[in-house]
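The structure file input-v8.cif is reproduced below (mmCIF, C-alpha atoms and all ligand atoms).
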data_target
loop_
_atom_site.label_atom_id
_atom_site.label_comp_id
_atom_site.auth_asym_id
_atom_site.auth_seq_id
_atom_site.Cartn_x
_atom_site.Cartn_y
_atom_site.Cartn_z
CA MET A 1 35.25 -11.15 34.37
CA ARG A 2 38.96 -10.83 33.61
CA ILE A 3 40.87 -14.04 34.08
CA ASP A 4 44.30 -12.46 33.77
CA GLN A 5 43.65 -10.16 36.72
CA ALA A 6 41.87 -12.70 38.94
CA THR A 7 43.39 -14.03 42.15
CA PRO A 8 43.39 -17.83 42.72
CA GLU A 9 40.76 -17.23 45.38
CA GLN A 10 38.48 -15.42 42.90
CA LEU A 11 38.99 -18.14 40.33
CA ARG A 12 37.93 -20.79 42.83
CA GLU A 13 34.82 -18.78 43.75
CA TRP A 14 33.91 -18.33 40.10
CA GLU A 15 34.45 -22.00 39.40
CA ALA A 16 32.14 -23.00 42.25
CA GLN A 17 29.39 -20.64 41.11
CA LEU A 18 29.74 -21.54 37.42
CA SER A 19 29.67 -25.25 38.22
CA LYS A 20 26.36 -24.70 40.01
CA ASP A 21 24.98 -22.71 37.06
CA TYR A 22 26.17 -25.42 34.70
CA ASP A 23 24.58 -28.25 36.72
CA ALA A 24 21.30 -26.33 36.73
CA ILE A 25 21.45 -26.10 32.94
CA VAL A 26 22.25 -29.80 32.55
CA GLY A 27 19.18 -30.51 34.68
CA LYS A 28 16.99 -28.74 32.10
CA LYS A 29 17.73 -31.51 29.55
CA LEU A 30 17.87 -29.14 26.59
CA SER A 31 18.20 -30.30 23.01
CA LEU A 32 19.41 -27.44 20.82
CA ASP A 33 21.53 -27.48 17.67
CA VAL A 34 23.57 -24.56 16.31
CA THR A 35 25.90 -26.61 14.15
CA ARG A 36 25.24 -26.18 10.44
CA GLY A 37 24.54 -23.15 8.28
CA LYS A 38 21.20 -24.17 6.84
CA PRO A 39 18.11 -22.07 6.15
CA SER A 40 15.22 -22.51 8.58
CA ALA A 41 11.92 -23.97 7.44
CA ASP A 42 10.46 -20.42 7.33
CA GLN A 43 13.26 -19.36 4.98
CA LEU A 44 12.69 -22.37 2.76
CA SER A 45 8.99 -21.54 2.58
CA LEU A 46 9.82 -18.16 1.01
CA SER A 47 10.49 -20.06 -2.22
CA ASP A 48 7.64 -22.56 -2.29
CA GLU A 49 6.24 -20.75 -5.32
CA LEU A 50 8.93 -22.58 -7.32
CA ASP A 51 6.72 -25.62 -7.15
CA GLY A 52 4.39 -25.38 -10.13
CA ILE A 53 5.78 -22.08 -11.42
CA LEU A 54 6.33 -23.50 -14.91
CA ALA A 55 2.63 -24.34 -15.26
CA GLY A 56 3.43 -26.76 -18.04
CA ASN A 57 5.66 -24.37 -20.02
CA TYR A 58 9.03 -26.12 -20.16
CA ILE A 59 10.45 -24.27 -23.14
CA ALA A 60 13.46 -22.05 -22.46
CA GLU A 61 13.82 -18.73 -24.30
CA SER A 62 16.28 -20.39 -26.67
CA GLY A 63 13.50 -22.76 -27.73
CA VAL A 64 15.11 -25.69 -25.92
CA ASP A 65 12.78 -28.16 -24.22
CA THR A 66 14.26 -28.21 -20.72
CA ARG A 67 12.81 -31.65 -20.02
CA ASN A 68 15.22 -33.24 -22.44
CA TYR A 69 18.92 -34.09 -22.21
CA GLY A 70 21.76 -31.72 -23.01
CA GLY A 71 22.93 -28.19 -22.34
CA ILE A 72 26.05 -28.89 -20.30
CA ASP A 73 26.54 -25.21 -19.46
CA GLY A 74 22.93 -24.30 -18.71
CA ILE A 75 20.06 -22.37 -20.30
CA PRO A 76 20.52 -18.65 -21.10
CA GLU A 77 18.01 -17.32 -18.56
CA ALA A 78 19.71 -19.33 -15.77
CA LYS A 79 23.08 -17.90 -16.85
CA ARG A 80 21.53 -14.45 -16.48
CA LEU A 81 20.45 -15.35 -12.94
CA GLY A 82 24.04 -16.42 -12.27
CA SER A 83 25.19 -13.11 -13.71
CA ASP A 84 22.79 -11.18 -11.40
CA LEU A 85 24.10 -13.16 -8.46
CA MET A 86 27.82 -13.07 -9.21
CA GLY A 87 28.27 -9.84 -11.17
CA VAL A 88 30.04 -11.65 -14.02
CA PRO A 89 28.94 -11.57 -17.69
CA ALA A 90 26.48 -14.36 -18.52
CA ASP A 91 28.84 -15.65 -21.23
CA ASN A 92 31.35 -16.57 -18.55
CA ILE A 93 28.88 -18.59 -16.51
CA LEU A 94 28.20 -22.31 -16.42
CA VAL A 95 25.03 -23.42 -14.66
CA GLY A 96 25.18 -26.79 -12.95
CA GLY A 97 23.01 -28.92 -10.72
CA ASN A 98 21.92 -28.27 -7.16
CA ALA A 99 25.24 -27.85 -5.35
CA SER A 100 28.15 -25.48 -5.81
CA LEU A 101 30.17 -27.86 -3.64
CA THR A 102 29.84 -30.42 -6.43
CA LEU A 103 31.11 -27.88 -8.96
CA MET A 104 34.03 -26.98 -6.70
CA HIS A 105 34.88 -30.63 -6.18
CA GLN A 106 34.60 -31.39 -9.88
CA THR A 107 36.70 -28.35 -10.82
CA MET A 108 39.44 -29.25 -8.36
CA LEU A 109 39.33 -32.88 -9.48
CA ALA A 110 39.56 -31.80 -13.13
CA ALA A 111 42.47 -29.45 -12.35
CA TYR A 112 44.25 -32.17 -10.40
CA GLN A 113 43.65 -35.19 -12.57
CA PHE A 114 43.22 -33.91 -16.12
CA GLY A 115 44.32 -30.28 -16.14
CA LEU A 116 41.99 -27.39 -16.96
CA THR A 117 44.11 -26.24 -19.88
CA GLY A 118 45.45 -29.52 -21.27
CA THR A 119 47.09 -32.58 -19.71
CA SER A 120 50.37 -30.81 -19.06
CA SER A 121 48.52 -28.47 -16.70
CA ALA A 122 47.30 -31.30 -14.41
CA TRP A 123 48.33 -30.71 -10.80
CA LYS A 124 49.12 -34.41 -10.41
CA ASN A 125 52.19 -33.82 -12.60
CA VAL A 126 53.75 -32.19 -9.55
CA ASP A 127 55.03 -34.37 -6.71
CA SER A 128 52.99 -32.75 -3.98
CA PRO A 129 50.64 -30.02 -5.16
CA LYS A 130 49.44 -27.81 -2.35
CA VAL A 131 46.46 -25.56 -1.74
CA ILE A 132 46.40 -22.54 0.56
CA CYS A 133 43.54 -22.51 3.07
CA PRO A 134 42.82 -19.29 4.94
CA VAL A 135 41.91 -20.24 8.52
CA PRO A 136 39.52 -20.45 10.14
CA GLY A 137 37.67 -21.63 7.03
CA TYR A 138 34.95 -23.88 5.66
CA ASP A 139 35.34 -27.54 6.64
CA ARG A 140 33.89 -28.92 3.40
CA HIS A 141 36.60 -27.18 1.36
CA PHE A 142 39.15 -29.00 3.47
CA THR A 143 37.36 -32.31 2.92
CA VAL A 144 37.63 -31.87 -0.87
CA CYS A 145 41.42 -31.45 -0.64
CA GLU A 146 41.74 -34.26 1.86
CA GLN A 147 39.77 -36.63 -0.37
CA LEU A 148 41.89 -35.77 -3.41
CA GLY A 149 45.09 -36.14 -1.40
CA ILE A 150 46.05 -32.49 -1.91
CA GLU A 151 48.13 -31.04 0.89
CA MET A 152 46.71 -27.98 2.64
CA ILE A 153 48.77 -25.15 4.03
CA THR A 154 47.18 -22.46 6.14
CA ALA A 155 47.29 -18.67 6.09
CA PRO A 156 45.60 -16.60 8.80
CA MET A 157 42.38 -14.70 8.19
CA THR A 158 42.31 -11.03 9.15
CA ALA A 159 39.44 -8.52 9.30
CA ASP A 160 40.23 -7.71 5.62
CA GLY A 161 40.35 -11.30 4.37
CA PRO A 162 43.34 -13.64 4.11
CA ASP A 163 46.67 -12.24 5.32
CA MET A 164 48.00 -11.45 1.85
CA ASP A 165 51.60 -10.94 3.00
CA ALA A 166 51.51 -14.53 4.24
CA VAL A 167 49.78 -15.81 1.07
CA GLU A 168 52.25 -14.10 -1.27
CA ALA A 169 55.21 -15.33 0.80
CA LEU A 170 53.92 -18.92 0.65
CA ILE A 171 53.47 -18.73 -3.12
CA LYS A 172 56.93 -17.26 -3.66
CA ALA A 173 58.53 -19.86 -1.40
CA ASP A 174 56.83 -22.97 -2.80
CA PRO A 175 56.52 -23.53 -6.56
CA ASN A 176 54.16 -26.48 -5.95
CA ILE A 177 51.32 -24.34 -4.69
CA ARG A 178 48.49 -24.78 -7.15
CA GLY A 179 45.42 -23.37 -5.47
CA MET A 180 43.75 -21.35 -2.76
CA TRP A 181 40.29 -21.41 -1.22
CA CYS A 182 38.44 -18.14 -0.61
CA VAL A 183 35.01 -17.25 0.77
CA PRO A 184 35.20 -13.55 -0.08
CA LYS A 185 31.92 -12.24 1.32
CA TYR A 186 30.67 -13.00 4.82
CA SER A 187 33.37 -15.59 4.96
CA ASN A 188 32.62 -18.91 6.58
CA PRO A 189 33.06 -18.71 9.54
CA THR A 190 34.48 -15.26 10.40
CA GLY A 191 31.87 -13.25 8.49
CA VAL A 192 34.35 -10.76 7.03
CA VAL A 193 34.07 -9.18 3.58
CA TYR A 194 37.41 -9.05 1.78
CA SER A 195 38.65 -5.47 1.40
CA ASP A 196 39.21 -3.94 -2.06
CA ALA A 197 42.98 -4.12 -1.54
CA THR A 198 42.78 -7.82 -0.65
CA VAL A 199 40.66 -8.62 -3.71
CA GLU A 200 43.12 -6.79 -5.95
CA ARG A 201 46.09 -8.63 -4.44
CA ILE A 202 44.28 -11.94 -5.02
CA ALA A 203 43.61 -10.97 -8.64
CA LYS A 204 47.34 -10.30 -8.99
CA LEU A 205 48.42 -13.68 -7.60
CA GLY A 206 48.46 -14.98 -11.17
CA LEU A 207 51.45 -12.71 -11.77
CA ILE A 208 53.60 -14.46 -9.13
CA ALA A 209 52.13 -17.98 -8.95
CA HIS A 210 52.61 -20.96 -11.26
CA GLU A 211 50.43 -20.67 -14.39
CA ASP A 212 48.27 -23.60 -13.24
CA PHE A 213 47.51 -21.91 -9.92
CA ARG A 214 43.78 -21.32 -9.40
CA VAL A 215 41.85 -19.45 -6.72
CA PHE A 216 38.58 -21.20 -5.81
CA TRP A 217 36.43 -18.15 -5.11
CA ASP A 218 33.42 -19.55 -3.25
CA ASN A 219 31.00 -16.65 -3.16
CA ALA A 220 28.33 -18.64 -1.32
CA TYR A 221 27.04 -15.50 0.45
CA ALA A 222 27.17 -13.03 -2.45
CA VAL A 223 23.74 -11.50 -1.76
CA HIS A 224 23.18 -12.64 1.82
CA ASP A 225 23.26 -9.23 3.49
CA LEU A 226 21.58 -8.47 6.80
CA ASN A 227 21.73 -4.68 6.30
CA ASP A 228 20.36 -2.33 3.66
CA ASN A 229 23.76 -0.77 2.93
CA PRO A 230 26.11 -3.71 2.76
CA GLN A 231 29.84 -3.45 2.24
CA GLN A 232 30.46 -3.99 -1.48
CA LEU A 233 32.82 -6.74 -2.58
CA ALA A 234 35.18 -5.59 -5.34
CA SER A 235 34.82 -7.47 -8.62
CA VAL A 236 37.61 -10.01 -8.79
CA PHE A 237 36.56 -10.76 -12.36
CA ASP A 238 37.17 -7.14 -13.44
CA LEU A 239 40.43 -6.95 -11.48
CA CYS A 240 41.72 -10.15 -13.13
CA ALA A 241 40.86 -8.60 -16.51
CA LYS A 242 42.75 -5.43 -15.50
CA HIS A 243 45.87 -7.40 -14.54
CA GLY A 244 45.71 -9.94 -17.37
CA THR A 245 45.15 -12.86 -14.98
CA ASP A 246 41.76 -14.05 -16.28
CA ASN A 247 42.54 -17.72 -15.69
CA THR A 248 43.59 -17.26 -12.05
CA VAL A 249 40.20 -17.08 -10.35
CA ILE A 250 37.30 -19.52 -10.71
CA GLN A 251 34.13 -18.38 -8.98
CA PHE A 252 31.29 -20.40 -7.48
CA ALA A 253 27.86 -19.59 -6.09
CA SER A 254 24.45 -21.17 -5.73
CA THR A 255 20.87 -20.52 -4.76
CA SER A 256 21.16 -22.97 -1.85
CA LYS A 257 20.55 -20.22 0.69
CA ILE A 258 18.29 -18.24 -1.58
CA THR A 259 15.61 -20.80 -2.53
CA HIS A 260 15.48 -24.46 -1.47
CA ALA A 261 18.85 -25.46 -0.05
CA GLY A 262 18.82 -29.01 -1.37
CA ALA A 263 17.04 -28.25 -4.64
CA GLY A 264 18.64 -25.08 -5.93
CA VAL A 265 20.92 -24.20 -8.83
CA ALA A 266 24.72 -23.81 -8.74
CA PHE A 267 26.99 -21.66 -10.87
CA THR A 268 30.62 -21.44 -11.92
CA ALA A 269 32.03 -18.23 -13.40
CA ALA A 270 35.37 -18.44 -15.15
CA SER A 271 37.47 -17.51 -18.16
CA SER A 272 36.56 -19.26 -21.40
CA ALA A 273 39.76 -21.36 -21.15
CA ASN A 274 38.81 -22.61 -17.69
CA LEU A 275 35.22 -23.22 -18.75
CA THR A 276 36.40 -25.29 -21.73
CA GLY A 277 38.48 -27.48 -19.41
CA LEU A 278 35.64 -27.86 -16.92
CA LYS A 279 33.07 -28.65 -19.61
CA ALA A 280 35.32 -31.36 -21.08
CA PHE A 281 35.41 -32.96 -17.65
CA LEU A 282 31.68 -32.54 -16.93
CA GLY A 283 30.80 -33.96 -20.35
CA ALA A 284 32.13 -37.31 -19.15
CA CYS A 285 30.06 -37.12 -15.94
CA THR A 286 26.65 -36.12 -17.28
CA ILE A 287 24.67 -35.49 -20.46
CA GLY A 288 23.50 -32.30 -18.82
CA PRO A 289 22.20 -30.72 -15.60
CA ASP A 290 18.59 -30.37 -14.44
CA LYS A 291 17.43 -27.62 -16.81
CA VAL A 292 13.83 -27.82 -15.59
CA ASN A 293 14.98 -26.61 -12.20
CA GLN A 294 17.14 -23.97 -13.87
CA LEU A 295 14.05 -22.68 -15.69
CA ARG A 296 12.01 -22.68 -12.49
CA HIS A 297 14.66 -20.56 -10.81
CA ALA A 298 14.96 -18.17 -13.75
CA ARG A 299 11.18 -17.61 -13.71
CA PHE A 300 11.12 -17.20 -9.91
CA LEU A 301 14.04 -14.74 -9.83
CA PRO A 302 13.86 -13.04 -13.24
CA ASN A 303 16.17 -10.11 -12.48
CA ARG A 304 18.49 -8.57 -9.88
CA ASP A 305 15.68 -6.57 -8.24
CA ALA A 306 13.62 -9.72 -7.71
CA LEU A 307 16.68 -11.44 -6.27
CA MET A 308 17.51 -8.61 -3.87
CA SER A 309 13.96 -8.15 -2.63
CA HIS A 310 13.73 -11.89 -2.03
CA MET A 311 16.97 -11.72 0.01
CA LYS A 312 15.45 -8.99 2.20
CA LYS A 313 12.85 -11.50 3.36
CA HIS A 314 15.65 -13.86 4.39
CA ALA A 315 17.38 -11.03 6.25
CA GLU A 316 14.21 -10.29 8.22
CA LEU A 317 14.15 -13.86 9.47
CA LEU A 318 17.89 -14.10 10.12
CA GLN A 319 18.53 -10.72 11.77
CA PRO A 320 16.84 -11.46 15.13
CA ARG A 321 18.80 -14.71 15.40
CA PHE A 322 22.10 -12.93 14.80
CA ASP A 323 21.06 -10.20 17.23
CA ALA A 324 20.41 -12.87 19.87
CA VAL A 325 23.91 -14.30 19.42
CA LEU A 326 25.70 -10.98 19.29
CA SER A 327 23.91 -9.40 22.24
CA ALA A 328 24.56 -12.49 24.38
CA LEU A 329 28.27 -12.35 23.49
CA GLN A 330 28.47 -8.62 24.12
CA GLU A 331 26.74 -8.88 27.46
CA ALA A 332 28.82 -11.82 28.66
CA PHE A 333 32.22 -11.02 27.20
CA GLY A 334 32.16 -7.35 26.16
CA ASP A 335 34.35 -6.43 29.10
CA SER A 336 36.38 -9.60 29.50
CA ASP A 337 39.42 -11.48 28.29
CA LEU A 338 37.46 -14.66 27.71
CA GLY A 339 36.95 -14.42 23.98
CA SER A 340 36.69 -12.39 20.81
CA TRP A 341 34.37 -12.41 17.83
CA GLU A 342 33.43 -10.53 14.65
CA GLU A 343 30.03 -8.91 14.10
CA PRO A 344 29.04 -10.20 10.67
CA ALA A 345 26.72 -8.09 8.52
CA GLY A 346 25.56 -11.14 6.57
CA GLY A 347 26.15 -14.80 5.87
CA TYR A 348 25.30 -17.62 8.25
CA PHE A 349 27.87 -17.64 11.03
CA VAL A 350 29.35 -16.00 14.05
CA SER A 351 32.91 -17.10 14.76
CA PHE A 352 34.05 -17.02 18.38
CA ASP A 353 37.62 -17.40 19.60
CA THR A 354 38.00 -18.61 23.17
CA ARG A 355 41.20 -18.23 25.17
CA PRO A 356 43.80 -20.61 23.74
CA GLY A 357 43.13 -24.22 24.68
CA CYS A 358 39.45 -23.77 25.63
CA ALA A 359 37.42 -24.44 22.46
CA ARG A 360 37.28 -28.23 22.64
CA GLU A 361 36.29 -28.21 26.31
CA THR A 362 33.64 -25.53 25.69
CA VAL A 363 32.08 -27.61 22.92
CA ARG A 364 32.18 -30.73 25.10
CA LEU A 365 30.53 -28.97 28.04
CA ALA A 366 27.84 -27.53 25.76
CA ALA A 367 27.12 -30.94 24.26
CA GLU A 368 26.65 -32.44 27.72
CA ALA A 369 24.28 -29.62 28.51
CA GLY A 370 22.23 -30.39 25.39
CA VAL A 371 23.59 -27.74 22.99
CA LYS A 372 25.26 -29.09 19.87
CA LEU A 373 28.00 -26.89 18.43
CA THR A 374 30.17 -27.55 15.36
CA PRO A 375 33.08 -29.69 16.60
CA ALA A 376 36.04 -27.60 17.71
CA GLY A 377 38.79 -27.83 15.09
CA ALA A 378 36.33 -28.24 12.19
CA THR A 379 37.25 -24.80 10.86
CA PHE A 380 40.86 -25.91 10.30
CA PRO A 381 42.36 -28.41 7.83
CA TYR A 382 42.59 -31.95 9.21
CA GLY A 383 40.34 -30.82 12.10
CA LYS A 384 43.34 -29.36 13.93
CA ASP A 385 43.02 -25.89 15.41
CA PRO A 386 46.61 -25.38 16.61
CA GLU A 387 45.51 -23.04 19.38
CA ASP A 388 42.21 -24.81 20.13
CA ARG A 389 40.32 -21.52 20.08
CA ASN A 390 37.79 -21.30 17.28
CA ILE A 391 34.09 -22.15 17.57
CA ARG A 392 31.56 -21.56 14.80
CA ILE A 393 28.02 -20.64 15.82
CA ALA A 394 25.27 -21.12 13.22
CA PRO A 395 22.02 -19.57 14.47
CA SER A 396 19.78 -19.76 11.38
CA VAL A 397 17.73 -22.88 12.11
CA PRO A 398 16.60 -22.68 15.76
CA ALA A 399 13.78 -20.31 16.72
CA VAL A 400 14.90 -17.03 18.28
CA GLU A 401 14.03 -18.22 21.83
CA GLU A 402 16.07 -21.34 21.19
CA VAL A 403 19.06 -19.27 20.04
CA VAL A 404 18.72 -17.25 23.24
CA GLY A 405 18.64 -20.52 25.24
CA ALA A 406 21.63 -21.95 23.36
CA MET A 407 23.63 -18.78 24.00
CA GLU A 408 22.89 -18.91 27.75
CA VAL A 409 24.45 -22.35 27.77
CA PHE A 410 27.33 -21.29 25.51
CA VAL A 411 28.26 -18.38 27.75
CA VAL A 412 28.37 -20.52 30.89
CA CYS A 413 30.43 -23.19 29.09
CA VAL A 414 33.00 -20.67 27.80
CA LYS A 415 33.36 -19.19 31.29
CA LEU A 416 33.60 -22.56 33.01
CA ALA A 417 36.17 -23.91 30.53
CA SER A 418 38.24 -20.72 30.86
CA VAL A 419 38.18 -20.61 34.66
CA ARG A 420 38.98 -24.30 35.02
CA GLN A 421 41.88 -23.95 32.61
CA ALA A 422 43.23 -20.96 34.54
CA LEU A 423 42.97 -22.90 37.81
CA ALA A 424 44.81 -25.86 36.28
CA ALA A 425 47.62 -23.67 34.90
N1 LIG A 501 30.31 -22.73 0.38
C1 LIG A 501 30.20 -22.23 1.62
C2 LIG A 501 31.20 -21.22 2.09
C3 LIG A 501 29.18 -22.65 2.45
O1 LIG A 501 29.09 -22.15 3.69
C4 LIG A 501 28.25 -23.61 1.98
C5 LIG A 501 27.12 -24.12 2.83
N2 LIG A 501 27.29 -24.13 4.16
C6 LIG A 501 28.41 -24.10 0.69
C7 LIG A 501 29.44 -23.64 -0.09
C8 LIG A 501 27.50 -25.13 0.12
O2 LIG A 501 26.92 -24.65 -1.04
P1 LIG A 501 26.05 -25.57 -1.99
O3 LIG A 501 24.79 -25.89 -1.27
O4 LIG A 501 25.84 -24.75 -3.20
O5 LIG A 501 26.86 -26.82 -2.28
#

Kindly present the structure from the file in structure tokens form.
Ligand code: PMP
Amino acid sequence: MRIDQATPEQLREWEAQLSKDYDAIVGKKLSLDVTRGKPSADQLSLSDELDGILAGNYIAESGVDTRNYGGIDGIPEAKRLGSDLMGVPADNILVGGNASLTLMHQTMLAAYQFGLTGTSSAWKNVDSPKVICPVPGYDRHFTVCEQLGIEMITAPMTADGPDMDAVEALIKADPNIRGMWCVPKYSNPTGVVYSDATVERIAKLGLIAHEDFRVFWDNAYAVHDLNDNPQQLASVFDLCAKHGTDNTVIQFASTSKITHAGAGVAFTAASSANLTGLKAFLGACTIGPDKVNQLRHARFLPNRDALMSHMKKHAELLQPRFDAVLSALQEAFGDSDLGSWEEPAGGYFVSFDTRPGCARETVRLAAEAGVKLTPAGATFPYGKDPEDRNIRIAPSVPAVEEVVGAMEVFVVCVKLASVRQALAA
């Protein structure tokens, strides 16, 4: 089906047929949900051994009793787990509570309100500090900025990561830019892995940006590969060291999609100057994180091999769901001008771009046919997709047959929205 080459007559025929197909689907009264990137119950069960793993031995290798207060930056064996996950020396890692989102929020709040390297570095000292958001991106990053009243400016994502010409131009043009969000591996939602050249250019941003500029490097999918030979992400930590920009990038990760999503362990990796600023802030929020859970995780995933073989089990459960999405898209749109998408080799999402102006209507049609999709616009700051094109599909939770069913609906909705728009034009 190629809309651009269709005659009005053909469009009307298609519309009539698709409307019939759609009504038949509505009649099935489906109830399917492909909205959020969460692990399925089967994935969560892979880590049930965590429960009881300590068998009464709560003492960390440092001799600390993990049941007690203290240890704002985490126990040594949990730092090593963070090091295995993020590829950063354990000395540069702070281990937090269950959510990396909390650490990102707290770090941005500390940078904004108090300054990570002294009060004169606080972003609030500037009239209108701004943060660059590659789009499409992760809605919860945007919510953090929105809550803190930090203005967001967008830069387009490419197949290699953020468009670095655009990012560098923005930074050079506006001295009030203080930050940038990045999801460098299996980016949410486009699934791309930043190329080596992109990572190096990001590491070098500290050479052209204001000294209080920080990249929030959210490596949520650091080890979430679907294939055995995944594309390697260059080490931004090493590249910052090479270019003398150690303070520029602050990294985040967690075990949320490795063990139990709501009861995992989160990590920050940063220069010692940044860690000092963050710890000063955290010290006012808490006497210390949940070290018992840190110890459980360190015993469950004692080294990189254990971590990677555990992730293979996740991949086995996720792969058929991704296959179901990608084969449905290929079959329906492979030879069409109705949409485009990336084929992610990991992470939790498939990002689909409709023809301009069709995303919102596609999501609405799908909802009425019983398939919940992430709201159109959610992948852009302030919920505004200027071209109304992007839709994020998250296939991890439903069973494979349900993903297949959801994609049948999705395909019909994309086609119907596109044809109706063409007829109205
Ligand atoms: N970052 C990204 C890019 C995510 O997709 C998610 C979860 N969807 C998170 C962070 C949340 O991580 P956590 O559970 O550690 O807060």

Protein and nucleic residues near ligand LIG 501 (chain A), 7 Å, only C-alpha atoms and all ligand atoms, as a compact mmCIF listing (two decimals) with C-alpha atoms, keeping the file's coordinate frame:
# COMPACT_ATOMS: atom_id res chain seq x y z
CA ARG A 36 25.24 -26.18 10.44
CA GLY A 37 24.54 -23.15 8.28
CA LYS A 38 21.20 -24.17 6.84
CA ASN A 98 21.92 -28.27 -7.16
CA ALA A 99 25.24 -27.85 -5.35
CA SER A 100 28.15 -25.48 -5.81
CA LEU A 101 30.17 -27.86 -3.64
CA THR A 102 29.84 -30.42 -6.43
CA TYR A 138 34.95 -23.88 5.66
CA VAL A 183 35.01 -17.25 0.77
CA SER A 187 33.37 -15.59 4.96
CA ASN A 188 32.62 -18.91 6.58
CA ASP A 218 33.42 -19.55 -3.25
CA ASN A 219 31.00 -16.65 -3.16
CA ALA A 220 28.33 -18.64 -1.32
CA ALA A 253 27.86 -19.59 -6.09
CA SER A 254 24.45 -21.17 -5.73
CA THR A 255 20.87 -20.52 -4.76
CA SER A 256 21.16 -22.97 -1.85
CA ALA A 261 18.85 -25.46 -0.05
CA GLY A 262 18.82 -29.01 -1.37
CA ALA A 266 24.72 -23.81 -8.74

Hey, can you check how far CA of Leu423 (chain A) sits from CA of Leu326 (chain A)?
28.0 Å

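The nearest approach to Lys291 (chain A) among the residues A:Gly264, A:Gly87, A:Pro375, A:Pro230, with all atoms listed in the file taken into account, belongs to A:Gly264.
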
Nearby residues (all atoms listed in the file) at most 8 Å from Gln421 (chain A), same-chain spacing under 4 positions excluded, as a list in words:
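Selected residues are Cys358, Ala417 and Ala425 of chain A.
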
If we draw a sphere of 9 Å around (35.6, -4.5, -3.7), which residues have at least one atom in it when counting only C-alpha atoms? Please report them as a PyMOL selection string.
chain A and resi 193-200+231-236

Which of A:Ala111, A:Glu401, A:Phe349, A:Glu387 sits closest to Pro39 (chain A) [using all atoms listed in the file]:
A:Phe349

Could you tell me how far CA of Met311 (chain A) lies from CA of Val397 (chain A), in Å and to one decimal?
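Separation between CA of Met311 (chain A) and CA of Val397 (chain A): 16.5 Å.
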
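With all atoms listed in the file as the basis for measurement, A:Ala315 is the residue among A:Ala122, A:Ala315, A:Met104, A:Leu85 that approaches Gln43 (chain A) most closely.
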
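In this comparison, which uses all atoms listed in the file, the residue of A:Met1, A:Ala270, A:Ile177, A:Ala203 approaching Leu338 (chain A) most closely is A:Met1.
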
Find the spatial neighbours of Asp51 (chain A), counting only C-alpha atoms, within a cut-off of 10 Å - ignore same-chain residues fewer than 2 positions away - and output them as a PDB file with C-alpha atoms, keeping the file's coordinate frame.
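For reference, selection32.pdb as written:
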ATOM      1  CA  SER A  47      10.490 -20.060  -2.220  1.00  0.00           C
ATOM      2  CA  ASP A  48       7.640 -22.560  -2.290  1.00  0.00           C
ATOM      3  CA  GLU A  49       6.240 -20.750  -5.320  1.00  0.00           C
ATOM      4  CA  ILE A  53       5.780 -22.080 -11.420  1.00  0.00           C
ATOM      5  CA  LEU A  54       6.330 -23.500 -14.910  1.00  0.00           C
ATOM      6  CA  ALA A  55       2.630 -24.340 -15.260  1.00  0.00           C
ATOM      7  CA  ASN A 293      14.980 -26.610 -12.200  1.00  0.00           C
ATOM      8  CA  ARG A 296      12.010 -22.680 -12.490  1.00  0.00           C
ATOM      9  CA  PHE A 300      11.120 -17.200  -9.910  1.00  0.00           C
TER      10      PHE A 300
END

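Taking CA of Ala422 (chain A) as the reference point, CA of Asp23 (chain A) is found at 20.1 Å.
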
Near Val350 (chain A), within 8 Å and counting only C-alpha atoms, which residues show up once chain neighbours fewer than 2 positions away are dropped, as a PDB file with C-alpha atoms, in the coordinates of the input?
ATOM      1  CA  PRO A 189      33.060 -18.710   9.540  1.00  0.00           C
ATOM      2  CA  THR A 190      34.480 -15.260  10.400  1.00  0.00           C
ATOM      3  CA  GLY A 191      31.870 -13.250   8.490  1.00  0.00           C
ATOM      4  CA  PHE A 322      22.100 -12.930  14.800  1.00  0.00           C
ATOM      5  CA  VAL A 325      23.910 -14.300  19.420  1.00  0.00           C
ATOM      6  CA  TRP A 341      34.370 -12.410  17.830  1.00  0.00           C
ATOM      7  CA  GLU A 342      33.430 -10.530  14.650  1.00  0.00           C
ATOM      8  CA  GLU A 343      30.030  -8.910  14.100  1.00  0.00           C
ATOM      9  CA  PRO A 344      29.040 -10.200  10.670  1.00  0.00           C
ATOM     10  CA  TYR A 348      25.300 -17.620   8.250  1.00  0.00           C
ATOM     11  CA  PHE A 352      34.050 -17.020  18.380  1.00  0.00           C
ATOM     12  CA  ARG A 392      31.560 -21.560  14.800  1.00  0.00           C
ATOM     13  CA  ILE A 393      28.020 -20.640  15.820  1.00  0.00           C
ATOM     14  CA  ALA A 394      25.270 -21.120  13.220  1.00  0.00           C
TER      15      ALA A 394
END

If you count all atoms listed in the file, which residues fall within 10 Å of Gly377 (chain A), apart from same-chain ones fewer than 5 positions away, as a list of chain:residue names?
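Here the answer would be A:Pro136, A:Asp139, A:Ala359, A:Arg360, A:Tyr382, A:Gly383, A:Lys384, A:Asp385, A:Pro386, A:Glu387, A:Asp388, A:Arg389, A:Asn390, A:Ile391, A:Arg392.
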
Residue contacts of region 146-162 of chain A (8 Å, all atoms listed in the file) excluding same-chain residues fewer than 4 positions away, as a list in words
Leu109, Ser128, Pro129, Lys130, Val131, Ile132, Cys133, Pro134, Val135, Pro136, Phe142, Ala166, Val167, Pro184, Val192, Val193, Tyr194, Ser195, Thr198, Pro381 and Tyr382 of chain A

Taking only C-alpha atoms into account, which of A:Ser40, A:Thr119, A:Thr354, A:Thr7 comes nearest Asp337 (chain A)?
A:Thr354
